[in-house]
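Next comes work-v2.cif, with mmCIF, C-alpha atoms.
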data_target
loop_
_atom_site.group_PDB
_atom_site.id
_atom_site.type_symbol
_atom_site.label_atom_id
_atom_site.label_comp_id
_atom_site.auth_asym_id
_atom_site.auth_seq_id
_atom_site.Cartn_x
_atom_site.Cartn_y
_atom_site.Cartn_z
ATOM 1 C CA MET Z 1432 153.609 -99.085 43.055
ATOM 2 C CA LYS Z 1433 155.755 -99.777 40.029
ATOM 3 C CA GLY Z 1434 159.094 -101.471 40.528
ATOM 4 C CA TRP Z 1435 160.517 -103.314 43.507
ATOM 5 C CA PRO Z 1436 159.118 -102.310 46.890
ATOM 6 C CA GLY Z 1437 161.396 -100.890 49.554
ATOM 7 C CA GLU Z 1438 163.729 -98.785 47.416
ATOM 8 C CA PRO Z 1439 165.520 -96.178 49.578
ATOM 9 C CA GLN Z 1440 166.455 -92.711 48.370
ATOM 10 C CA MET Z 1441 169.922 -92.678 46.791
ATOM 11 C CA ASN Z 1442 171.631 -90.576 44.160
ATOM 12 C CA TYR Z 1443 172.766 -92.172 40.938
ATOM 13 C CA ASP Z 1444 176.361 -92.426 39.726
ATOM 14 C CA VAL Z 1445 178.098 -91.599 43.011
ATOM 15 C CA LEU Z 1446 180.345 -93.820 45.105
ATOM 16 C CA VAL Z 1447 178.554 -94.861 48.298
ATOM 17 C CA GLY Z 1448 180.412 -96.280 51.277
ATOM 18 C CA GLU Z 1449 178.383 -96.161 54.458
ATOM 19 C CA GLY Z 1450 178.325 -98.214 57.640
ATOM 20 C CA ASN Z 1451 180.521 -101.278 57.244
ATOM 21 C CA ALA Z 1452 181.889 -99.920 53.934
ATOM 22 C CA ALA Z 1453 183.001 -96.560 55.332
ATOM 23 C CA ASP Z 1454 186.575 -97.729 55.949
ATOM 24 C CA ALA Z 1455 186.902 -98.761 52.287
ATOM 25 C CA MET Z 1456 186.340 -95.225 50.998
ATOM 26 C CA GLY Z 1457 189.554 -93.927 49.444
ATOM 27 C CA LYS Z 1458 191.076 -97.402 49.115
ATOM 28 C CA PRO Z 1459 192.342 -98.549 45.672
ATOM 29 C CA ILE Z 1460 189.771 -100.302 43.483
ATOM 30 C CA ASP Z 1461 191.003 -103.746 42.443
ATOM 31 C CA ASN Z 1462 187.687 -105.371 41.486
ATOM 32 C CA VAL Z 1463 184.370 -104.233 40.044
ATOM 33 C CA ILE Z 1464 181.307 -106.425 40.604
ATOM 34 C CA PHE Z 1465 178.434 -105.837 38.179
ATOM 35 C CA ASP Z 1466 174.748 -106.544 38.413
ATOM 36 C CA PHE Z 1467 173.377 -107.763 35.061
ATOM 37 C CA GLY Z 1468 169.886 -106.382 34.462
ATOM 38 C CA ASN Z 1469 169.955 -102.735 33.300
ATOM 39 C CA VAL Z 1470 173.663 -102.476 34.106
ATOM 40 C CA LEU Z 1471 175.232 -104.817 31.532
ATOM 41 C CA ILE Z 1472 172.110 -105.939 29.642
ATOM 42 C CA TYR Z 1473 168.758 -104.237 29.303
ATOM 43 C CA TRP Z 1474 165.823 -106.035 30.927
ATOM 44 C CA ASN Z 1475 162.382 -104.740 29.952
ATOM 45 C CA PRO Z 1476 159.472 -107.015 30.942
ATOM 46 C CA GLU Z 1477 157.068 -104.822 28.983
ATOM 47 C CA ALA Z 1478 158.779 -105.905 25.742
ATOM 48 C CA ALA Z 1479 157.789 -109.535 26.385
ATOM 49 C CA LEU Z 1480 154.176 -108.618 27.139
ATOM 50 C CA LEU Z 1481 153.366 -106.238 24.267
ATOM 51 C CA PRO Z 1482 152.301 -108.909 21.739
ATOM 52 C CA ARG Z 1483 149.411 -110.111 23.919
ATOM 53 C CA TYR Z 1484 148.433 -107.326 26.353
ATOM 54 C CA ASP Z 1485 147.457 -103.679 26.032
ATOM 55 C CA LYS Z 1486 149.383 -100.878 27.728
ATOM 56 C CA GLU Z 1487 146.917 -100.417 30.591
ATOM 57 C CA THR Z 1488 147.028 -104.110 31.464
ATOM 58 C CA ILE Z 1489 150.829 -104.155 31.307
ATOM 59 C CA ASP Z 1490 151.047 -101.108 33.565
ATOM 60 C CA ARG Z 1491 148.815 -102.817 36.115
ATOM 61 C CA PHE Z 1492 150.841 -106.031 35.916
ATOM 62 C CA LEU Z 1493 154.053 -104.097 36.524
ATOM 63 C CA ASP Z 1494 152.502 -102.379 39.552
ATOM 64 C CA ASN Z 1495 153.520 -104.610 42.430
ATOM 65 C CA ASP Z 1496 150.681 -103.389 44.616
ATOM 66 C CA VAL Z 1497 148.214 -104.664 42.017
ATOM 67 C CA SER Z 1498 149.732 -107.888 40.692
ATOM 68 C CA GLY Z 1499 152.537 -108.941 43.038
ATOM 69 C CA PHE Z 1500 154.818 -109.349 40.001
ATOM 70 C CA TYR Z 1501 157.984 -108.156 41.722
ATOM 71 C CA ASP Z 1502 157.253 -110.162 44.849
ATOM 72 C CA ALA Z 1503 156.936 -113.263 42.662
ATOM 73 C CA ASN Z 1504 160.233 -112.355 40.990
ATOM 74 C CA ASP Z 1505 161.911 -112.091 44.374
ATOM 75 C CA ARG Z 1506 160.714 -115.576 45.316
ATOM 76 C CA MET Z 1507 162.012 -117.069 42.062
ATOM 77 C CA ASP Z 1508 165.301 -115.170 42.319
ATOM 78 C CA ALA Z 1509 165.754 -116.676 45.776
ATOM 79 C CA GLY Z 1510 165.418 -120.224 44.479
ATOM 80 C CA ALA Z 1511 161.732 -120.934 43.845
ATOM 81 C CA THR Z 1512 160.997 -122.531 40.467
ATOM 82 C CA THR Z 1513 158.913 -120.763 37.851
ATOM 83 C CA GLU Z 1514 156.034 -123.142 38.583
ATOM 84 C CA GLU Z 1515 156.265 -122.331 42.281
ATOM 85 C CA GLY Z 1516 156.300 -118.623 41.470
ATOM 86 C CA ILE Z 1517 153.201 -118.922 39.300
ATOM 87 C CA ALA Z 1518 151.412 -121.020 41.936
ATOM 88 C CA TRP Z 1519 152.218 -118.461 44.634
ATOM 89 C CA LEU Z 1520 150.900 -115.599 42.503
ATOM 90 C CA ARG Z 1521 147.764 -117.562 41.661
ATOM 91 C CA GLU Z 1522 147.080 -118.149 45.348
ATOM 92 C CA THR Z 1523 147.835 -114.591 46.479
ATOM 93 C CA HIS Z 1524 146.717 -112.411 43.540
ATOM 94 C CA GLY Z 1525 144.428 -114.527 41.387
ATOM 95 C CA ASP Z 1526 144.320 -116.339 38.056
ATOM 96 C CA LYS Z 1527 144.610 -113.395 35.683
ATOM 97 C CA TRP Z 1528 147.945 -112.217 37.049
ATOM 98 C CA ALA Z 1529 149.259 -115.764 37.405
ATOM 99 C CA ASP Z 1530 148.339 -116.495 33.783
ATOM 100 C CA MET Z 1531 150.060 -113.285 32.716
ATOM 101 C CA LEU Z 1532 153.164 -114.255 34.686
ATOM 102 C CA ARG Z 1533 153.212 -117.610 32.899
ATOM 103 C CA TYR Z 1534 153.039 -115.856 29.523
ATOM 104 C CA TYR Z 1535 155.864 -113.539 30.554
ATOM 105 C CA LEU Z 1536 158.058 -116.421 31.710
ATOM 106 C CA ASP Z 1537 157.341 -118.434 28.545
ATOM 107 C CA ASN Z 1538 158.479 -115.440 26.507
ATOM 108 C CA PHE Z 1539 161.197 -114.244 28.857
ATOM 109 C CA ARG Z 1540 163.861 -114.026 26.152
ATOM 110 C CA ASP Z 1541 161.964 -111.122 24.576
ATOM 111 C CA SER Z 1542 162.472 -109.079 27.752
ATOM 112 C CA LEU Z 1543 166.252 -109.013 27.187
ATOM 113 C CA VAL Z 1544 166.593 -106.232 24.661
ATOM 114 C CA GLY Z 1545 170.344 -105.795 24.248
ATOM 115 C CA VAL Z 1546 173.663 -104.886 25.816
ATOM 116 C CA VAL Z 1547 173.841 -101.554 27.653
ATOM 117 C CA PRO Z 1548 175.862 -99.202 25.405
ATOM 118 C CA GLY Z 1549 179.400 -98.832 26.688
ATOM 119 C CA ALA Z 1550 179.295 -101.862 28.973
ATOM 120 C CA ARG Z 1551 181.278 -104.202 26.744
ATOM 121 C CA VAL Z 1552 184.124 -101.730 26.168
ATOM 122 C CA LEU Z 1553 184.200 -100.770 29.852
ATOM 123 C CA ILE Z 1554 184.663 -104.396 30.860
ATOM 124 C CA ASN Z 1555 187.415 -104.839 28.281
ATOM 125 C CA ASP Z 1556 189.151 -101.658 29.474
ATOM 126 C CA LEU Z 1557 188.965 -102.741 33.101
ATOM 127 C CA LYS Z 1558 190.430 -106.142 32.290
ATOM 128 C CA ALA Z 1559 193.229 -104.529 30.280
ATOM 129 C CA ALA Z 1560 194.016 -102.380 33.329
ATOM 130 C CA GLY Z 1561 194.284 -105.468 35.540
ATOM 131 C CA ILE Z 1562 190.999 -104.870 37.352
ATOM 132 C CA GLY Z 1563 188.920 -107.945 38.160
ATOM 133 C CA VAL Z 1564 185.420 -107.910 36.661
ATOM 134 C CA TRP Z 1565 182.701 -110.061 38.204
ATOM 135 C CA GLY Z 1566 178.949 -110.570 38.067
ATOM 136 C CA LEU Z 1567 176.460 -110.784 40.932
ATOM 137 C CA SER Z 1568 172.827 -110.932 39.896
ATOM 138 C CA ASN Z 1569 169.389 -111.901 41.113
ATOM 139 C CA TRP Z 1570 168.064 -114.313 38.469
ATOM 140 C CA GLU Z 1571 165.780 -117.321 38.388
ATOM 141 C CA ALA Z 1572 167.985 -120.364 37.786
ATOM 142 C CA SER Z 1573 166.148 -121.992 34.869
ATOM 143 C CA LEU Z 1574 165.992 -118.708 32.923
ATOM 144 C CA PHE Z 1575 169.618 -117.706 33.303
ATOM 145 C CA HIS Z 1576 170.805 -119.716 30.306
ATOM 146 C CA ILE Z 1577 168.752 -117.366 28.105
ATOM 147 C CA ALA Z 1578 170.837 -114.405 29.254
ATOM 148 C CA GLU Z 1579 174.060 -116.322 28.620
ATOM 149 C CA GLU Z 1580 172.901 -117.322 25.140
ATOM 150 C CA GLN Z 1581 171.689 -113.891 24.080
ATOM 151 C CA CYS Z 1582 174.224 -111.655 25.824
ATOM 152 C CA ASP Z 1583 177.782 -112.866 25.453
ATOM 153 C CA ILE Z 1584 179.016 -109.957 27.559
ATOM 154 C CA ILE Z 1585 178.383 -112.227 30.549
ATOM 155 C CA GLN Z 1586 181.065 -114.586 29.249
ATOM 156 C CA GLN Z 1587 183.638 -111.770 29.409
ATOM 157 C CA LEU Z 1588 183.474 -111.664 33.201
ATOM 158 C CA ASP Z 1589 186.084 -113.334 35.391
ATOM 159 C CA GLY Z 1590 183.317 -115.102 37.301
ATOM 160 C CA LYS Z 1591 179.682 -114.764 38.337
ATOM 161 C CA LEU Z 1592 177.279 -115.663 41.108
ATOM 162 C CA VAL Z 1593 173.562 -115.992 40.337
ATOM 163 C CA SER Z 1594 171.013 -115.945 43.136
ATOM 164 C CA GLY Z 1595 168.710 -118.693 41.912
ATOM 165 C CA PHE Z 1596 171.510 -121.271 41.984
ATOM 166 C CA VAL Z 1597 172.703 -120.502 45.517
ATOM 167 C CA LYS Z 1598 169.239 -119.700 46.968
ATOM 168 C CA LEU Z 1599 170.435 -116.377 48.307
ATOM 169 C CA ARG Z 1600 169.541 -112.999 46.856
ATOM 170 C CA LYS Z 1601 170.384 -109.340 47.031
ATOM 171 C CA PRO Z 1602 170.057 -107.201 49.058
ATOM 172 C CA HIS Z 1603 170.806 -109.727 51.817
ATOM 173 C CA LYS Z 1604 174.345 -109.488 53.153
ATOM 174 C CA GLU Z 1605 174.987 -113.216 52.807
ATOM 175 C CA ILE Z 1606 175.028 -113.256 49.002
ATOM 176 C CA TYR Z 1607 177.679 -110.530 48.830
ATOM 177 C CA GLU Z 1608 179.821 -112.408 51.323
ATOM 178 C CA ARG Z 1609 179.347 -115.590 49.298
ATOM 179 C CA ALA Z 1610 180.421 -113.724 46.139
ATOM 180 C CA LEU Z 1611 183.580 -112.391 47.786
ATOM 181 C CA GLN Z 1612 184.431 -115.889 48.969
ATOM 182 C CA ASP Z 1613 183.740 -117.550 45.606
ATOM 183 C CA PHE Z 1614 185.645 -114.895 43.643
ATOM 184 C CA GLY Z 1615 188.563 -114.889 46.082
ATOM 185 C CA ILE Z 1616 188.527 -111.105 46.490
ATOM 186 C CA ASP Z 1617 188.238 -108.750 49.457
ATOM 187 C CA ALA Z 1618 185.508 -106.272 50.266
ATOM 188 C CA GLU Z 1619 187.616 -103.149 50.746
ATOM 189 C CA GLY Z 1620 189.186 -103.371 47.287
ATOM 190 C CA SER Z 1621 185.867 -103.926 45.514
ATOM 191 C CA VAL Z 1622 183.083 -101.765 44.112
ATOM 192 C CA PHE Z 1623 179.597 -103.098 43.389
ATOM 193 C CA VAL Z 1624 177.483 -101.582 40.587
ATOM 194 C CA ASP Z 1625 173.691 -102.018 40.541
ATOM 195 C CA ASP Z 1626 170.707 -100.023 39.305
ATOM 196 C CA LYS Z 1627 168.780 -100.600 42.546
ATOM 197 C CA ALA Z 1628 169.551 -98.544 45.650
ATOM 198 C CA MET Z 1629 168.559 -101.373 48.013
ATOM 199 C CA ASN Z 1630 171.276 -103.574 46.528
ATOM 200 C CA VAL Z 1631 173.923 -100.895 47.032
ATOM 201 C CA VAL Z 1632 172.826 -100.717 50.674
ATOM 202 C CA GLY Z 1633 173.221 -104.493 50.884
ATOM 203 C CA ALA Z 1634 176.737 -104.269 49.441
ATOM 204 C CA ASN Z 1635 177.654 -101.628 52.034
ATOM 205 C CA GLU Z 1636 176.487 -103.955 54.786
ATOM 206 C CA ALA Z 1637 179.017 -106.492 53.494
ATOM 207 C CA GLY Z 1638 181.765 -103.841 53.517
ATOM 208 C CA ILE Z 1639 181.685 -103.206 49.754
ATOM 209 C CA ARG Z 1640 181.436 -99.722 48.277
ATOM 210 C CA GLY Z 1641 178.617 -99.361 45.776
ATOM 211 C CA VAL Z 1642 177.345 -97.267 42.895
ATOM 212 C CA ARG Z 1643 173.712 -96.870 41.877
ATOM 213 C CA PHE Z 1644 174.062 -97.093 38.118
ATOM 214 C CA SER Z 1645 172.282 -95.087 35.486
ATOM 215 C CA ASP Z 1646 174.896 -93.933 32.974
ATOM 216 C CA PRO Z 1647 177.886 -95.867 31.571
ATOM 217 C CA GLN Z 1648 179.912 -92.747 30.836
ATOM 218 C CA LYS Z 1649 179.390 -91.445 34.374
ATOM 219 C CA LEU Z 1650 180.431 -94.831 35.764
ATOM 220 C CA ARG Z 1651 183.626 -94.673 33.696
ATOM 221 C CA GLU Z 1652 184.305 -91.145 34.948
ATOM 222 C CA LEU Z 1653 183.649 -92.201 38.550
ATOM 223 C CA LEU Z 1654 186.080 -95.113 38.329
ATOM 224 C CA ILE Z 1655 188.756 -92.903 36.779
ATOM 225 C CA ALA Z 1656 188.227 -90.274 39.492
ATOM 226 C CA ASN Z 1657 188.828 -93.009 42.065
ATOM 227 C CA GLY Z 1658 192.153 -94.075 40.612
ATOM 228 C CA VAL Z 1659 191.236 -96.722 38.016
ATOM 229 C CA ASP Z 1660 193.563 -96.320 35.041
ATOM 230 C CA ILE Z 1661 191.252 -96.720 32.040
ATOM 231 C CA PRO Z 1662 190.745 -94.488 28.987
ATOM 232 C CA ALA Z 1663 188.541 -91.453 29.538
ATOM 233 C CA VAL Z 1664 185.694 -90.400 27.275
ATOM 234 C CA GLN Z 1665 187.182 -88.159 24.600
ATOM 235 C CA SER Z 1666 186.066 -84.697 23.587
ATOM 236 C CA VAL Z 1667 187.130 -83.850 20.032
ATOM 237 C CA ARG Z 1668 186.820 -80.185 19.048
#
Exercise: express the given structure as structure tokens:
Amino acid sequence: MKGWPGEPQMNYDVLVGEGNAADAMGKPIDNVIFDFGNVLIYWNPEAALLPRYDKETIDRFLDNDVSGFYDANDRMDAGATTEEGIAWLRETHGDKWADMLRYYLDNFRDSLVGVVPGARVLINDLKAAGIGVWGLSNWEASLFHIAEEQCDIIQQLDGKLVSGFVKLRKPHKEIYERALQDFGIDAEGSVFVDDKAMNVVGANEAGIRGVRFSDPQKLRELLIANGVDIPAVQSVR
């Protein structure tokens, strides 16, 4: 299975407020909390692997059922070091996948392939409208500096919480609650944006509305439709 295991069914680019977040639906949006990977900056592990591995091998490595790659990522995102992640994969899935993980981690910067189009301007527009903009991401602690160096969009945020430093990770409720506490914001006035459905579910459990992200223009339109006063996408005829 490619990608993270356990992804529930969820539509993209709609506001989701279920369970503990149901009471927040219809409330004004004062803060937007962004995931980083594939929401603000593109993360493509295949790009780091292409110089040394053929497509078939990469596809197998990115199949969690075969290699355990995403399980190893989860462990490192939750606070394990890269060496601990490699050792775990070596023990559970064998040398070839562990060696491939080491190569990927050594060349991690090549997996960050640019800012998502529209993200930088959206953040600037939200800030100009008085909306708080924050970051909440699963990321291995020793690799996070690479994202900060290569993607200055992260520096535009009002604050950020990164899983590897606090040894908590999405989609567990505790990391969302920790983010609200650290940012000094409340759940009912916040919206969380992530490309993974499981992380939107986690946000809902903490009382935060969420959006499964795929399209920056649709996210802008969604925020405007829910009362956020930012410029709309123009149609010139």
Problem set entry | Near-Ser1542 in chain Z list (12 Å; all atoms listed in the file; drop same-chain fewer than 6 positions) as a count of residues only | 20
For range 1545-1632 of chain Z against range 1438-1461 of chain Z, with a cut-off of 10 Å and counting all atoms listed in the file, what is the closest atom pair and its distance in Å to one decimal for every residue that makes the cut, ordered by chain and number, as a tab-separated table?
residue	atom	partner	partner_atom	distance
Z:Leu1557	CA	Z:Asp1461	CA	9.6
Z:Ala1560	CA	Z:Asp1461	CA	9.7
Z:Gly1561	CA	Z:Asp1461	CA	7.8
Z:Ile1562	CA	Z:Asp1461	CA	5.2
Z:Gly1563	CA	Z:Asp1461	CA	6.3
Z:Val1564	CA	Z:Asp1461	CA	9.1
Z:Ile1616	CA	Z:Asp1461	CA	8.8
Z:Asp1617	CA	Z:Asp1461	CA	9.0
Z:Ala1618	CA	Z:Ala1455	CA	7.9
Z:Glu1619	CA	Z:Ala1455	CA	4.7
Z:Gly1620	CA	Z:Ile1460	CA	4.9
Z:Ser1621	CA	Z:Ile1460	CA	5.7
Z:Val1622	CA	Z:Ile1460	CA	6.9
Z:Phe1623	CA	Z:Leu1446	CA	9.5
Z:Val1624	CA	Z:Asp1444	CA	9.3
Z:Asp1625	CA	Z:Tyr1443	CA	9.9
Z:Asp1626	CA	Z:Tyr1443	CA	8.3
Z:Lys1627	CA	Z:Glu1438	CA	7.2
Z:Ala1628	CA	Z:Met1441	CA	6.0
Z:Met1629	CA	Z:Glu1438	CA	5.5
Z:Asn1630	CA	Z:Glu1438	CA	9.0
Z:Val1631	CA	Z:Val1447	CA	7.7
Z:Val1632	CA	Z:Glu1449	CA	8.1
Is it possible to get the axis-aligned box enclosing range 1537-1548 of chain Z (all listed atoms, 5 Å extra per side) as lines of an AutoDock Vina configuration file, with centre and edge lengths in Å rounded to one decimal?
center_x = 166.6
center_y = -108.8
center_z = 26.6
size_x = 28.5
size_y = 29.2
size_z = 14.6
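We find CA of Phe1500 in chain Z and CA of Gly1516 in chain Z to be spaced 9.5 Å apart.
CA of Ala1550 in chain Z lies 27.3 Å from CA of Lys1598 in chain Z.
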